[in-house]
>>> print(open('final-v2.cif').read())   # mmCIF, C-alpha atoms (C1' of nucleotides)
data_protein
loop_
_atom_site.label_atom_id
_atom_site.label_comp_id
_atom_site.auth_asym_id
_atom_site.auth_seq_id
_atom_site.Cartn_x
_atom_site.Cartn_y
_atom_site.Cartn_z
CA MET A 4 -14.93 -11.69 10.03
CA ALA A 5 -13.41 -8.26 10.30
CA ASN A 6 -15.94 -5.47 9.94
CA TYR A 7 -15.83 -2.08 8.30
CA LYS A 8 -17.90 1.04 7.82
CA THR A 9 -19.96 1.94 4.80
CA LEU A 10 -19.63 5.70 4.69
CA HIS A 11 -20.40 6.29 1.03
CA HIS A 12 -21.02 4.71 -2.36
CA TRP A 13 -18.18 3.59 -4.62
CA ASP A 14 -20.10 3.99 -7.85
CA VAL A 15 -19.33 7.68 -8.17
CA THR A 16 -17.85 10.10 -10.67
CA PRO A 17 -14.38 11.57 -10.16
CA GLU A 18 -16.01 14.85 -9.13
CA GLU A 19 -18.09 13.11 -6.49
CA ALA A 20 -15.06 11.15 -5.32
CA ILE A 21 -13.23 14.40 -4.61
CA LYS A 22 -16.19 15.69 -2.62
CA ILE A 23 -16.21 12.49 -0.58
CA GLN A 24 -12.51 12.87 0.17
CA ASN A 25 -12.97 16.45 1.31
CA LYS A 26 -15.83 15.36 3.53
CA LEU A 27 -14.12 12.35 5.10
CA ARG A 28 -10.68 13.88 5.57
CA SER A 29 -11.76 15.25 8.95
CA LEU A 30 -12.25 11.71 10.22
CA VAL A 31 -8.53 10.92 10.04
CA LYS A 32 -7.09 10.69 13.53
CA ILE A 33 -3.46 11.34 14.32
CA GLU A 34 -2.71 9.71 17.65
CA ALA A 35 -0.28 7.41 19.43
CA LEU A 36 -0.75 3.76 18.64
CA GLN A 37 -2.45 2.02 21.57
CA GLY A 38 -0.96 -1.15 23.02
CA GLU A 39 1.70 -3.37 21.59
CA ILE A 40 1.78 -4.71 18.05
CA ARG A 41 1.04 -8.43 17.91
CA TYR A 42 -0.03 -8.67 14.30
CA ILE A 43 0.67 -6.44 11.33
CA ALA A 44 -0.95 -6.66 7.90
CA GLY A 45 -0.15 -5.67 4.36
CA ALA A 46 -2.68 -4.94 1.60
CA ASP A 47 -2.16 -4.70 -2.13
CA VAL A 48 -3.81 -5.34 -5.50
CA SER A 49 -2.65 -6.48 -8.94
CA PHE A 50 -4.10 -6.03 -12.42
CA ASP A 51 -3.80 -7.58 -15.88
CA LYS A 52 -2.73 -5.05 -18.49
CA GLY A 53 -5.87 -3.58 -19.98
CA SER A 54 -8.38 -5.49 -17.86
CA ASN A 55 -10.83 -4.41 -15.19
CA ILE A 56 -10.25 -7.60 -13.23
CA VAL A 57 -8.52 -6.92 -9.95
CA TYR A 58 -6.66 -9.36 -7.74
CA ALA A 59 -6.72 -8.18 -4.14
CA GLY A 60 -5.15 -9.45 -0.98
CA VAL A 61 -4.61 -8.80 2.70
CA VAL A 62 -1.90 -10.72 4.55
CA VAL A 63 -1.54 -10.82 8.31
CA LEU A 64 1.88 -11.43 9.83
CA LYS A 65 2.82 -12.08 13.44
CA PHE A 66 4.93 -9.25 14.81
CA PRO A 67 7.86 -8.97 15.10
CA GLU A 68 8.55 -12.42 13.62
CA LEU A 69 6.68 -11.50 10.45
CA GLU A 70 5.43 -15.02 9.85
CA GLU A 71 2.12 -15.31 8.02
CA VAL A 72 -0.84 -16.26 10.18
CA ASP A 73 -3.75 -15.30 7.95
CA ARG A 74 -4.51 -14.23 4.40
CA SER A 75 -7.46 -13.26 2.25
CA LEU A 76 -7.24 -13.32 -1.53
CA LEU A 77 -9.98 -12.62 -4.04
CA ILE A 78 -10.67 -11.74 -7.64
CA THR A 79 -13.26 -9.15 -8.52
CA GLU A 80 -14.03 -6.39 -11.00
CA VAL A 81 -13.38 -2.67 -11.00
CA ASN A 82 -14.65 0.14 -13.20
CA PHE A 83 -13.23 3.25 -11.66
CA PRO A 84 -10.09 4.26 -13.61
CA TYR A 85 -6.72 5.12 -12.17
CA ILE A 86 -6.63 8.85 -11.60
CA PRO A 87 -3.80 10.37 -9.56
CA GLY A 88 -5.35 11.44 -6.26
CA LEU A 89 -8.29 9.05 -6.57
CA LEU A 90 -6.48 5.73 -6.32
CA SER A 91 -8.59 4.67 -3.36
CA PHE A 92 -11.75 4.62 -5.48
CA ARG A 93 -10.13 2.09 -7.77
CA GLU A 94 -8.51 -0.21 -5.23
CA SER A 95 -10.31 0.09 -1.90
CA PRO A 96 -13.54 -1.71 -2.84
CA ALA A 97 -11.57 -4.90 -3.54
CA LEU A 98 -9.40 -4.44 -0.46
CA ILE A 99 -12.48 -4.05 1.72
CA LYS A 100 -13.87 -7.30 0.37
CA ALA A 101 -10.63 -9.04 1.23
CA TRP A 102 -10.50 -7.35 4.61
CA GLU A 103 -13.92 -8.61 5.72
CA LYS A 104 -12.78 -12.21 5.36
CA ILE A 105 -9.78 -11.78 7.65
CA LYS A 106 -10.08 -13.74 10.88
CA ILE A 107 -7.01 -12.56 12.76
CA GLU A 108 -7.34 -8.79 12.97
CA PRO A 109 -4.03 -6.93 12.83
CA ASP A 110 -3.09 -4.04 15.12
CA VAL A 111 -1.83 -2.00 12.20
CA VAL A 112 -2.02 -2.23 8.41
CA ILE A 113 0.52 -0.99 5.87
CA ILE A 114 -0.97 0.01 2.52
CA ASP A 115 0.82 0.36 -0.80
CA GLY A 116 0.15 4.05 -1.44
CA GLN A 117 -0.06 7.42 0.31
CA GLY A 118 -1.78 8.25 3.59
CA ILE A 119 -2.15 11.99 4.25
CA ALA A 120 0.68 12.77 1.82
CA HIS A 121 -2.09 13.55 -0.63
CA PRO A 122 -3.50 16.73 -2.24
CA ARG A 123 -6.55 16.56 0.06
CA ARG A 124 -4.75 14.68 2.83
CA PHE A 125 -6.83 11.59 2.18
CA GLY A 126 -4.85 9.01 0.25
CA ILE A 127 -5.82 5.34 0.13
CA ALA A 128 -4.10 4.48 3.41
CA SER A 129 -6.13 7.12 5.24
CA HIS A 130 -9.34 6.25 3.45
CA PHE A 131 -8.96 2.53 4.09
CA GLY A 132 -7.98 3.18 7.70
CA VAL A 133 -11.09 5.25 8.37
CA LEU A 134 -13.28 2.57 6.80
CA ILE A 135 -11.87 -0.32 8.81
CA ASP A 136 -11.28 1.90 11.85
CA LYS A 137 -7.78 0.57 12.41
CA PRO A 138 -4.30 2.15 12.52
CA THR A 139 -2.86 2.32 8.99
CA ILE A 140 0.39 3.48 7.42
CA GLY A 141 0.88 4.64 3.85
CA CYS A 142 4.10 3.39 2.25
CA ALA A 143 4.38 4.44 -1.39
CA LYS A 144 7.16 3.75 -3.86
CA SER A 145 6.98 7.15 -5.50
CA LEU A 146 5.88 10.73 -4.89
CA LEU A 147 2.35 12.01 -5.36
CA VAL A 148 2.65 15.48 -3.89
CA GLY A 149 5.12 17.47 -1.81
CA LYS A 150 8.74 18.55 -1.75
CA TYR A 151 11.73 17.13 0.03
CA GLU A 152 15.48 17.01 0.21
CA GLU A 153 17.15 13.74 -0.70
CA PRO A 154 17.72 11.73 2.50
CA SER A 155 21.24 10.45 3.21
CA PRO A 156 22.07 7.26 1.25
CA LYS A 157 22.19 4.95 4.25
CA ALA A 158 19.34 2.76 5.51
CA GLY A 159 17.35 4.31 8.31
CA ASN A 160 17.89 7.90 7.23
CA TYR A 161 14.97 10.06 6.21
CA SER A 162 13.88 13.58 5.45
CA TYR A 163 10.47 15.15 5.77
CA LEU A 164 7.97 15.62 2.98
CA TYR A 165 6.41 19.10 2.91
CA ASP A 166 3.41 20.56 1.18
CA SER A 167 2.09 24.07 1.65
CA GLY A 168 4.18 24.56 4.76
CA GLU A 169 3.25 21.40 6.60
CA ILE A 170 4.94 18.06 7.13
CA ILE A 171 2.84 15.44 5.37
CA GLY A 172 5.21 12.48 5.48
CA ALA A 173 8.75 11.17 5.42
CA VAL A 174 11.07 10.08 2.61
CA LEU A 175 12.66 7.02 4.13
CA ARG A 176 15.72 5.10 2.98
CA THR A 177 15.01 1.46 3.83
CA ARG A 178 18.24 0.11 2.28
CA ASP A 179 21.68 1.56 1.60
CA GLU A 180 21.99 3.32 -1.73
CA VAL A 181 18.46 2.45 -2.80
CA GLN A 182 15.51 4.63 -3.79
CA PRO A 183 13.61 5.75 -0.68
CA VAL A 184 9.95 5.04 0.06
CA PHE A 185 7.34 7.63 0.99
CA VAL A 186 5.87 7.04 4.43
CA SER A 187 2.86 8.91 5.74
CA ILE A 188 0.19 8.66 8.41
CA GLY A 189 -2.79 6.64 7.32
CA HIS A 190 -5.03 6.69 10.37
CA LYS A 191 -4.80 6.43 14.16
CA ILE A 192 -1.01 6.65 14.28
CA THR A 193 1.82 9.22 14.30
CA LEU A 194 4.46 9.78 11.64
CA GLU A 195 7.27 8.91 14.07
CA SER A 196 5.61 5.60 14.87
CA SER A 197 4.93 4.93 11.20
CA ILE A 198 8.60 5.36 10.37
CA LYS A 199 9.71 3.05 13.18
CA ILE A 200 7.20 0.40 12.24
CA VAL A 201 8.15 0.44 8.57
CA LEU A 202 11.82 0.11 9.49
CA SER A 203 11.04 -2.73 11.87
CA THR A 204 9.44 -4.69 9.05
CA ILE A 205 12.29 -4.34 6.57
CA ARG A 206 13.93 -7.71 5.90
CA GLY A 207 16.57 -7.09 3.30
CA TYR A 208 14.35 -5.51 0.70
CA ARG A 209 13.34 -1.96 -0.11
CA ILE A 210 9.66 -2.69 0.61
CA PRO A 211 8.44 -3.59 4.11
CA GLU A 212 7.43 -7.25 4.47
CA PRO A 213 3.68 -6.76 4.96
CA THR A 214 3.12 -5.05 1.61
CA ARG A 215 5.91 -7.01 -0.06
CA GLN A 216 4.24 -10.28 0.89
CA ALA A 217 0.84 -8.95 -0.15
CA HIS A 218 2.29 -7.93 -3.49
CA ILE A 219 3.85 -11.35 -4.05
CA LEU A 220 0.57 -13.09 -3.23
CA VAL A 221 -1.72 -11.01 -5.44
CA ASN A 222 0.69 -11.44 -8.34
CA ALA A 223 0.78 -15.20 -7.82
CA LEU A 224 -3.03 -15.10 -7.74
CA ARG A 225 -3.13 -13.17 -11.01
CA ARG A 226 -0.85 -15.70 -12.66
CA GLY A 227 -3.03 -18.53 -11.46
CA GLU A 228 -0.28 -19.97 -9.31
CA ILE A 229 -2.46 -19.91 -6.20
CA LYS A 230 -6.17 -19.90 -5.55
CA PRO A 231 -8.47 -17.23 -4.06
CA GLY A 232 -9.77 -17.69 -0.53
CA THR A 233 -8.44 -17.55 2.95
CA LYS A 234 -5.82 -19.59 4.65
CA THR A 235 -4.16 -19.61 8.01
CA LYS A 236 -1.31 -21.51 9.49
CA PRO A 237 -0.63 -25.00 8.10
CA GLU A 238 -3.38 -27.33 9.23
CA GLN A 239 -2.20 -29.03 12.36
CA ASP A 240 -2.31 -32.80 11.99
CA SER A 241 -4.72 -34.35 14.38
CA LEU A 242 -3.04 -35.99 17.31
CA PHE A 243 -5.28 -38.96 16.66
CA SER A 244 -4.70 -39.58 12.99
CA PHE A 245 -1.80 -41.45 11.51
"C1'" DG B 29 -1.76 27.41 -20.77
"C1'" DC B 30 2.10 24.14 -18.81
"C1'" DG B 31 3.85 20.67 -15.87
"C1'" DA B 32 3.01 17.01 -12.19
"C1'" DC B 33 0.74 12.97 -11.40
"C1'" DA B 34 0.32 6.92 -5.48
"C1'" DG B 35 -0.97 2.23 -8.39
"C1'" DA C 12 -0.25 -1.18 -12.38
"C1'" DT C 13 1.70 -4.12 -16.55
"C1'" DC C 14 4.80 -5.36 -20.79
"C1'" DT C 15 10.10 -7.84 -20.36
"C1'" DT C 16 16.32 -9.72 -20.96
"C1'" DG C 17 20.08 -8.59 -20.00
"C1'" DT C 18 23.17 -6.15 -17.35
"C1'" DC C 19 25.77 -3.34 -14.00
"C1'" DG C 20 27.44 -3.49 -9.26
"C1'" DC C 21 28.13 -5.02 -4.42
#
>>> encode(input="final-v2.cif", output="structure tokens")
Amino acid sequence: MANYKTLHHWDVTPEEAIKIQNKLRSLVKIEALQGEIRYIAGADVSFDKGSNIVYAGVVVLKFPELEEVDRSLLITEVNFPYIPGLLSFRESPALIKAWEKIKIEPDVVIIDGQGIAHPRRFGIASHFGVLIDKPTIGCAKSLLVGKYEEPSPKAGNYSYLYDSGEIIGAVLRTRDEVQPVFVSIGHKITLESSIKIVLSTIRGYRIPEPTRQAHILVNALRRGEIKPGTKTKPEQDSLFSF
DNA sequence: GCGACAG
DNA sequence: ATCTTGTCGC
């Protein structure tokens, strides 16, 4: 069971949530990733239209093969609304619950959302990273804050995202002629490394495999196509049964 | 006051 | 995020 830190309550008002972000932002560490990557995970959540039921999931893939080795899926409830800048308070509680059931701990986690490319430099990828104390990368599909110049149309090209004079992330083209993604430091990693890792997990789609797989799974869960719980590699048939 | 605004 | 069919383009 993967562990995590309980640094604050989740049952807070938007005003209190902002205070928590301003207090915890100093805990984000920007450093070189230690050791090689053996496993990489993706985390995401899905919702029904106007419901407060959330379907969360964490998927662990072997790196660089990107074959699934572990997963944690669960259905729970949320009350905090979606407010730009406070996404973490709506999705992280469910992601933490899924995270604690993971058995194969990844060396890095990619989250669907911003890392420090956030008004208070504490987007969901940074928040989640600080809580699980693991390297995390924020990979969002659209802009939250900052300015940038359109990166060249070919895969692999990128430009920097700026806000109040500082680089807060990168606008990365993961496929030719396709809308770029917004990559930013989550926790315990550098932007350069984040960009390389995201590119190394692209397999023909705009979204990196970890979060793409997580997204596919939580949607299947929401549609009732698969069940909650954890699962690892296909059960190996006993050598003595036939 | 007006516009922007991750999922 | 989710609601949804066809359609344009490589």
>>> resolve_selection(input="final-v2.cif", expression="the PyMOL selection byres ((chain B) within 7 of (chain A))", output="mmCIF file with C-alpha atoms (C1' of nucleotides), keeping the file's coordinate frame")
data_model
loop_
_atom_site.group_PDB
_atom_site.id
_atom_site.type_symbol
_atom_site.label_atom_id
_atom_site.label_comp_id
_atom_site.auth_asym_id
_atom_site.auth_seq_id
_atom_site.Cartn_x
_atom_site.Cartn_y
_atom_site.Cartn_z
ATOM 1 C "C1'" DC B 33 0.740 12.970 -11.400
ATOM 2 C "C1'" DA B 34 0.320 6.920 -5.480
ATOM 3 C "C1'" DG B 35 -0.970 2.230 -8.390
#
>>> atom_distance(input="final-v2.cif", atom1="atom CA of Glu19 of chain A", atom2="atom CA of Val31 of chain A")
19.2 Å
>>> resolve_selection(input="final-v2.cif", expression="the PyMOL selection byres ((chain C and resi 13) around 10)", output="list in words")
Ser49, Phe50, Asp51, Lys52 and Gly53 of chain A; DA12, DC14 and DT15 of chain C
>>> write_last_selection(input="final-v2.cif", atoms="C-alpha atoms (C1' of nucleotides)", output="compact mmCIF listing (two decimals), in the coordinates of the input")
# COMPACT_ATOMS: atom_id res chain seq x y z
CA SER A 49 -2.65 -6.48 -8.94
CA PHE A 50 -4.10 -6.03 -12.42
CA ASP A 51 -3.80 -7.58 -15.88
CA LYS A 52 -2.73 -5.05 -18.49
CA GLY A 53 -5.87 -3.58 -19.98
C1' DA C 12 -0.25 -1.18 -12.38
C1' DC C 14 4.80 -5.36 -20.79
C1' DT C 15 10.10 -7.84 -20.36
>>> residues_near_point(input="final-v2.cif", point="(-5.5, 9.4, 10.9)", cutoff="12 Å", atoms="only C-alpha atoms (C1' of nucleotides)", output="PyMOL selection string")
chain A and resi 27-36+118-120+124-141+171+187-194+197
>>> atom_distance(input="final-v2.cif", atom1="atom C1' of DT16 of chain C", atom2="atom CA of Tyr58 of chain A")
26.5 Å
>>> atom_distance(input="final-v2.cif", atom1="atom CA of Ile200 of chain A", atom2="atom CA of Ala59 of chain A")
23.1 Å
>>> resolve_selection(input="final-v2.cif", expression="the PyMOL selection byres ((chain A and resi 16) around 12)", output="tab-separated table (two decimals) with C-alpha atoms, in the coordinates of the input")
chain	number	residue	atom	x	y	z
A	12	HIS	CA	-21.02	4.71	-2.36
A	13	TRP	CA	-18.18	3.59	-4.62
A	14	ASP	CA	-20.10	3.99	-7.85
A	15	VAL	CA	-19.33	7.68	-8.17
A	17	PRO	CA	-14.38	11.57	-10.16
A	18	GLU	CA	-16.01	14.85	-9.13
A	19	GLU	CA	-18.09	13.11	-6.49
A	20	ALA	CA	-15.06	11.15	-5.32
A	21	ILE	CA	-13.23	14.40	-4.61
A	22	LYS	CA	-16.19	15.69	-2.62
A	23	ILE	CA	-16.21	12.49	-0.58
A	82	ASN	CA	-14.65	0.14	-13.20
A	83	PHE	CA	-13.23	3.25	-11.66
A	84	PRO	CA	-10.09	4.26	-13.61
A	86	ILE	CA	-6.63	8.85	-11.60
A	89	LEU	CA	-8.29	9.05	-6.57
A	92	PHE	CA	-11.75	4.62	-5.48
A	93	ARG	CA	-10.13	2.09	-7.77
>>> closest_residue(input="final-v2.cif", among="A:Ser162, A:Asn25, A:Ser203, A:Asn55", to="chain C", atoms="only C-alpha atoms (C1' of nucleotides)")
A:Asn55
>>> decode(input="final-v2.cif", residues="segment 6-20 of chain A", atoms="all heavy atoms", output="PDB file, in the first residue's frame")
ATOM      1  N   ASN A   6       1.868   4.982   0.590  1.00  0.00           N
ATOM      2  CA  ASN A   6       1.418   5.920   1.616  1.00  0.00           C
ATOM      3  C   ASN A   6       1.427   7.361   1.117  1.00  0.00           C
ATOM      4  O   ASN A   6       1.877   7.648   0.005  1.00  0.00           O
ATOM      5  CB  ASN A   6       2.298   5.795   2.854  1.00  0.00           C
ATOM      6  CG  ASN A   6       3.748   6.114   2.539  1.00  0.00           C
ATOM      7  OD1 ASN A   6       4.183   5.993   1.399  1.00  0.00           O
ATOM      8  ND2 ASN A   6       4.474   6.550   3.528  1.00  0.00           N
ATOM      9  N   TYR A   7       0.912   8.223   1.946  1.00  0.00           N
ATOM     10  CA  TYR A   7       0.810   9.641   1.592  1.00  0.00           C
ATOM     11  C   TYR A   7       0.725  10.467   2.858  1.00  0.00           C
ATOM     12  O   TYR A   7       0.533   9.933   3.957  1.00  0.00           O
ATOM     13  CB  TYR A   7      -0.447   9.860   0.745  1.00  0.00           C
ATOM     14  CG  TYR A   7      -1.714   9.519   1.468  1.00  0.00           C
ATOM     15  CD1 TYR A   7      -2.431  10.498   2.170  1.00  0.00           C
ATOM     16  CD2 TYR A   7      -2.190   8.205   1.500  1.00  0.00           C
ATOM     17  CE1 TYR A   7      -3.575  10.174   2.872  1.00  0.00           C
ATOM     18  CE2 TYR A   7      -3.343   7.882   2.209  1.00  0.00           C
ATOM     19  CZ  TYR A   7      -4.026   8.869   2.891  1.00  0.00           C
ATOM     20  OH  TYR A   7      -5.169   8.547   3.602  1.00  0.00           O
ATOM     21  N   LYS A   8       0.856  11.746   2.710  1.00  0.00           N
ATOM     22  CA  LYS A   8       0.812  12.657   3.860  1.00  0.00           C
ATOM     23  C   LYS A   8      -0.545  13.344   3.985  1.00  0.00           C
ATOM     24  O   LYS A   8      -1.193  13.647   2.987  1.00  0.00           O
ATOM     25  CB  LYS A   8       1.892  13.731   3.706  1.00  0.00           C
ATOM     26  CG  LYS A   8       3.302  13.169   3.594  1.00  0.00           C
ATOM     27  CD  LYS A   8       4.297  14.301   3.363  1.00  0.00           C
ATOM     28  CE  LYS A   8       5.712  13.739   3.256  1.00  0.00           C
ATOM     29  NZ  LYS A   8       6.707  14.801   2.970  1.00  0.00           N
ATOM     30  N   THR A   9      -0.925  13.574   5.210  1.00  0.00           N
ATOM     31  CA  THR A   9      -2.180  14.279   5.466  1.00  0.00           C
ATOM     32  C   THR A   9      -1.734  15.638   6.006  1.00  0.00           C
ATOM     33  O   THR A   9      -1.418  15.793   7.172  1.00  0.00           O
ATOM     34  CB  THR A   9      -3.013  13.538   6.547  1.00  0.00           C
ATOM     35  OG1 THR A   9      -3.295  12.215   6.071  1.00  0.00           O
ATOM     36  CG2 THR A   9      -4.321  14.286   6.806  1.00  0.00           C
ATOM     37  N   LEU A  10      -1.674  16.600   5.122  1.00  0.00           N
ATOM     38  CA  LEU A  10      -1.199  17.921   5.520  1.00  0.00           C
ATOM     39  C   LEU A  10      -2.302  18.940   5.824  1.00  0.00           C
ATOM     40  O   LEU A  10      -2.029  20.022   6.334  1.00  0.00           O
ATOM     41  CB  LEU A  10      -0.287  18.482   4.426  1.00  0.00           C
ATOM     42  CG  LEU A  10       0.942  17.629   4.077  1.00  0.00           C
ATOM     43  CD1 LEU A  10       1.709  18.272   2.926  1.00  0.00           C
ATOM     44  CD2 LEU A  10       1.839  17.502   5.306  1.00  0.00           C
ATOM     45  N   HIS A  11      -3.529  18.569   5.490  1.00  0.00           N
ATOM     46  CA  HIS A  11      -4.637  19.501   5.719  1.00  0.00           C
ATOM     47  C   HIS A  11      -5.962  18.797   5.498  1.00  0.00           C
ATOM     48  O   HIS A  11      -5.995  17.659   5.044  1.00  0.00           O
ATOM     49  CB  HIS A  11      -4.525  20.684   4.743  1.00  0.00           C
ATOM     50  CG  HIS A  11      -4.600  20.246   3.310  1.00  0.00           C
ATOM     51  ND1 HIS A  11      -5.797  19.996   2.669  1.00  0.00           N
ATOM     52  CD2 HIS A  11      -3.626  19.956   2.401  1.00  0.00           C
ATOM     53  CE1 HIS A  11      -5.548  19.590   1.435  1.00  0.00           C
ATOM     54  NE2 HIS A  11      -4.242  19.547   1.250  1.00  0.00           N
ATOM     55  N   HIS A  12      -7.045  19.496   5.778  1.00  0.00           N
ATOM     56  CA  HIS A  12      -8.380  18.930   5.590  1.00  0.00           C
ATOM     57  C   HIS A  12      -8.822  19.233   4.154  1.00  0.00           C
ATOM     58  O   HIS A  12      -8.341  20.155   3.518  1.00  0.00           O
ATOM     59  CB  HIS A  12      -9.365  19.572   6.568  1.00  0.00           C
ATOM     60  CG  HIS A  12      -9.145  19.146   7.987  1.00  0.00           C
ATOM     61  ND1 HIS A  12      -9.934  19.590   9.027  1.00  0.00           N
ATOM     62  CD2 HIS A  12      -8.230  18.311   8.549  1.00  0.00           C
ATOM     63  CE1 HIS A  12      -9.529  19.053  10.155  1.00  0.00           C
ATOM     64  NE2 HIS A  12      -8.483  18.275   9.905  1.00  0.00           N
ATOM     65  N   TRP A  13      -9.756  18.430   3.670  1.00  0.00           N
ATOM     66  CA  TRP A  13     -10.276  18.652   2.313  1.00  0.00           C
ATOM     67  C   TRP A  13     -11.628  19.341   2.380  1.00  0.00           C
ATOM     68  O   TRP A  13     -12.085  19.933   1.411  1.00  0.00           O
ATOM     69  CB  TRP A  13     -10.427  17.318   1.580  1.00  0.00           C
ATOM     70  CG  TRP A  13      -9.126  16.672   1.238  1.00  0.00           C
ATOM     71  CD1 TRP A  13      -8.575  15.560   1.815  1.00  0.00           C
ATOM     72  CD2 TRP A  13      -8.189  17.104   0.233  1.00  0.00           C
ATOM     73  NE1 TRP A  13      -7.362  15.278   1.223  1.00  0.00           N
ATOM     74  CE2 TRP A  13      -7.101  16.199   0.253  1.00  0.00           C
ATOM     75  CE3 TRP A  13      -8.167  18.169  -0.679  1.00  0.00           C
ATOM     76  CZ2 TRP A  13      -6.001  16.322  -0.595  1.00  0.00           C
ATOM     77  CZ3 TRP A  13      -7.069  18.286  -1.537  1.00  0.00           C
ATOM     78  CH2 TRP A  13      -6.003  17.370  -1.491  1.00  0.00           C
ATOM     79  N   ASP A  14     -12.257  19.238   3.538  1.00  0.00           N
ATOM     80  CA  ASP A  14     -13.573  19.863   3.700  1.00  0.00           C
ATOM     81  C   ASP A  14     -13.380  21.334   4.055  1.00  0.00           C
ATOM     82  O   ASP A  14     -13.527  21.740   5.204  1.00  0.00           O
ATOM     83  CB  ASP A  14     -14.332  19.137   4.821  1.00  0.00           C
ATOM     84  CG  ASP A  14     -15.709  19.733   5.020  1.00  0.00           C
ATOM     85  OD1 ASP A  14     -16.314  20.172   4.026  1.00  0.00           O
ATOM     86  OD2 ASP A  14     -16.170  19.776   6.191  1.00  0.00           O
ATOM     87  N   VAL A  15     -13.002  22.103   3.049  1.00  0.00           N
ATOM     88  CA  VAL A  15     -12.727  23.523   3.272  1.00  0.00           C
ATOM     89  C   VAL A  15     -13.478  24.410   2.281  1.00  0.00           C
ATOM     90  O   VAL A  15     -14.047  23.919   1.297  1.00  0.00           O
ATOM     91  CB  VAL A  15     -11.214  23.806   3.124  1.00  0.00           C
ATOM     92  CG1 VAL A  15     -10.435  23.025   4.160  1.00  0.00           C
ATOM     93  CG2 VAL A  15     -10.755  23.420   1.714  1.00  0.00           C
ATOM     94  N   THR A  16     -13.475  25.682   2.545  1.00  0.00           N
ATOM     95  CA  THR A  16     -14.149  26.632   1.653  1.00  0.00           C
ATOM     96  C   THR A  16     -13.119  27.045   0.604  1.00  0.00           C
ATOM     97  O   THR A  16     -11.908  26.860   0.800  1.00  0.00           O
ATOM     98  CB  THR A  16     -14.582  27.895   2.420  1.00  0.00           C
ATOM     99  OG1 THR A  16     -13.399  28.547   2.920  1.00  0.00           O
ATOM    100  CG2 THR A  16     -15.515  27.549   3.576  1.00  0.00           C
ATOM    101  N   PRO A  17     -13.550  27.622  -0.486  1.00  0.00           N
ATOM    102  CA  PRO A  17     -12.604  28.072  -1.514  1.00  0.00           C
ATOM    103  C   PRO A  17     -11.563  29.034  -0.925  1.00  0.00           C
ATOM    104  O   PRO A  17     -10.384  28.974  -1.289  1.00  0.00           O
ATOM    105  CB  PRO A  17     -13.511  28.746  -2.544  1.00  0.00           C
ATOM    106  CG  PRO A  17     -14.756  27.913  -2.471  1.00  0.00           C
ATOM    107  CD  PRO A  17     -14.938  27.735  -0.980  1.00  0.00           C
ATOM    108  N   GLU A  18     -11.979  29.882  -0.011  1.00  0.00           N
ATOM    109  CA  GLU A  18     -11.050  30.831   0.597  1.00  0.00           C
ATOM    110  C   GLU A  18      -9.969  30.089   1.385  1.00  0.00           C
ATOM    111  O   GLU A  18      -8.786  30.426   1.319  1.00  0.00           O
ATOM    112  CB  GLU A  18     -11.796  31.793   1.531  1.00  0.00           C
ATOM    113  CG  GLU A  18     -12.786  32.717   0.846  1.00  0.00           C
ATOM    114  CD  GLU A  18     -13.970  32.001   0.205  1.00  0.00           C
ATOM    115  OE1 GLU A  18     -14.496  31.032   0.809  1.00  0.00           O
ATOM    116  OE2 GLU A  18     -14.355  32.395  -0.910  1.00  0.00           O
ATOM    117  N   GLU A  19     -10.391  29.071   2.114  1.00  0.00           N
ATOM    118  CA  GLU A  19      -9.432  28.304   2.906  1.00  0.00           C
ATOM    119  C   GLU A  19      -8.512  27.498   1.985  1.00  0.00           C
ATOM    120  O   GLU A  19      -7.327  27.308   2.283  1.00  0.00           O
ATOM    121  CB  GLU A  19     -10.178  27.347   3.858  1.00  0.00           C
ATOM    122  CG  GLU A  19     -11.052  28.077   4.869  1.00  0.00           C
ATOM    123  CD  GLU A  19     -11.897  27.125   5.707  1.00  0.00           C
ATOM    124  OE1 GLU A  19     -12.424  26.144   5.143  1.00  0.00           O
ATOM    125  OE2 GLU A  19     -12.019  27.382   6.925  1.00  0.00           O
ATOM    126  N   ALA A  20      -9.072  27.029   0.878  1.00  0.00           N
ATOM    127  CA  ALA A  20      -8.278  26.244  -0.076  1.00  0.00           C
ATOM    128  C   ALA A  20      -7.129  27.096  -0.612  1.00  0.00           C
ATOM    129  O   ALA A  20      -6.001  26.622  -0.751  1.00  0.00           O
ATOM    130  CB  ALA A  20      -9.170  25.773  -1.230  1.00  0.00           C
TER     131      ALA A  20
END
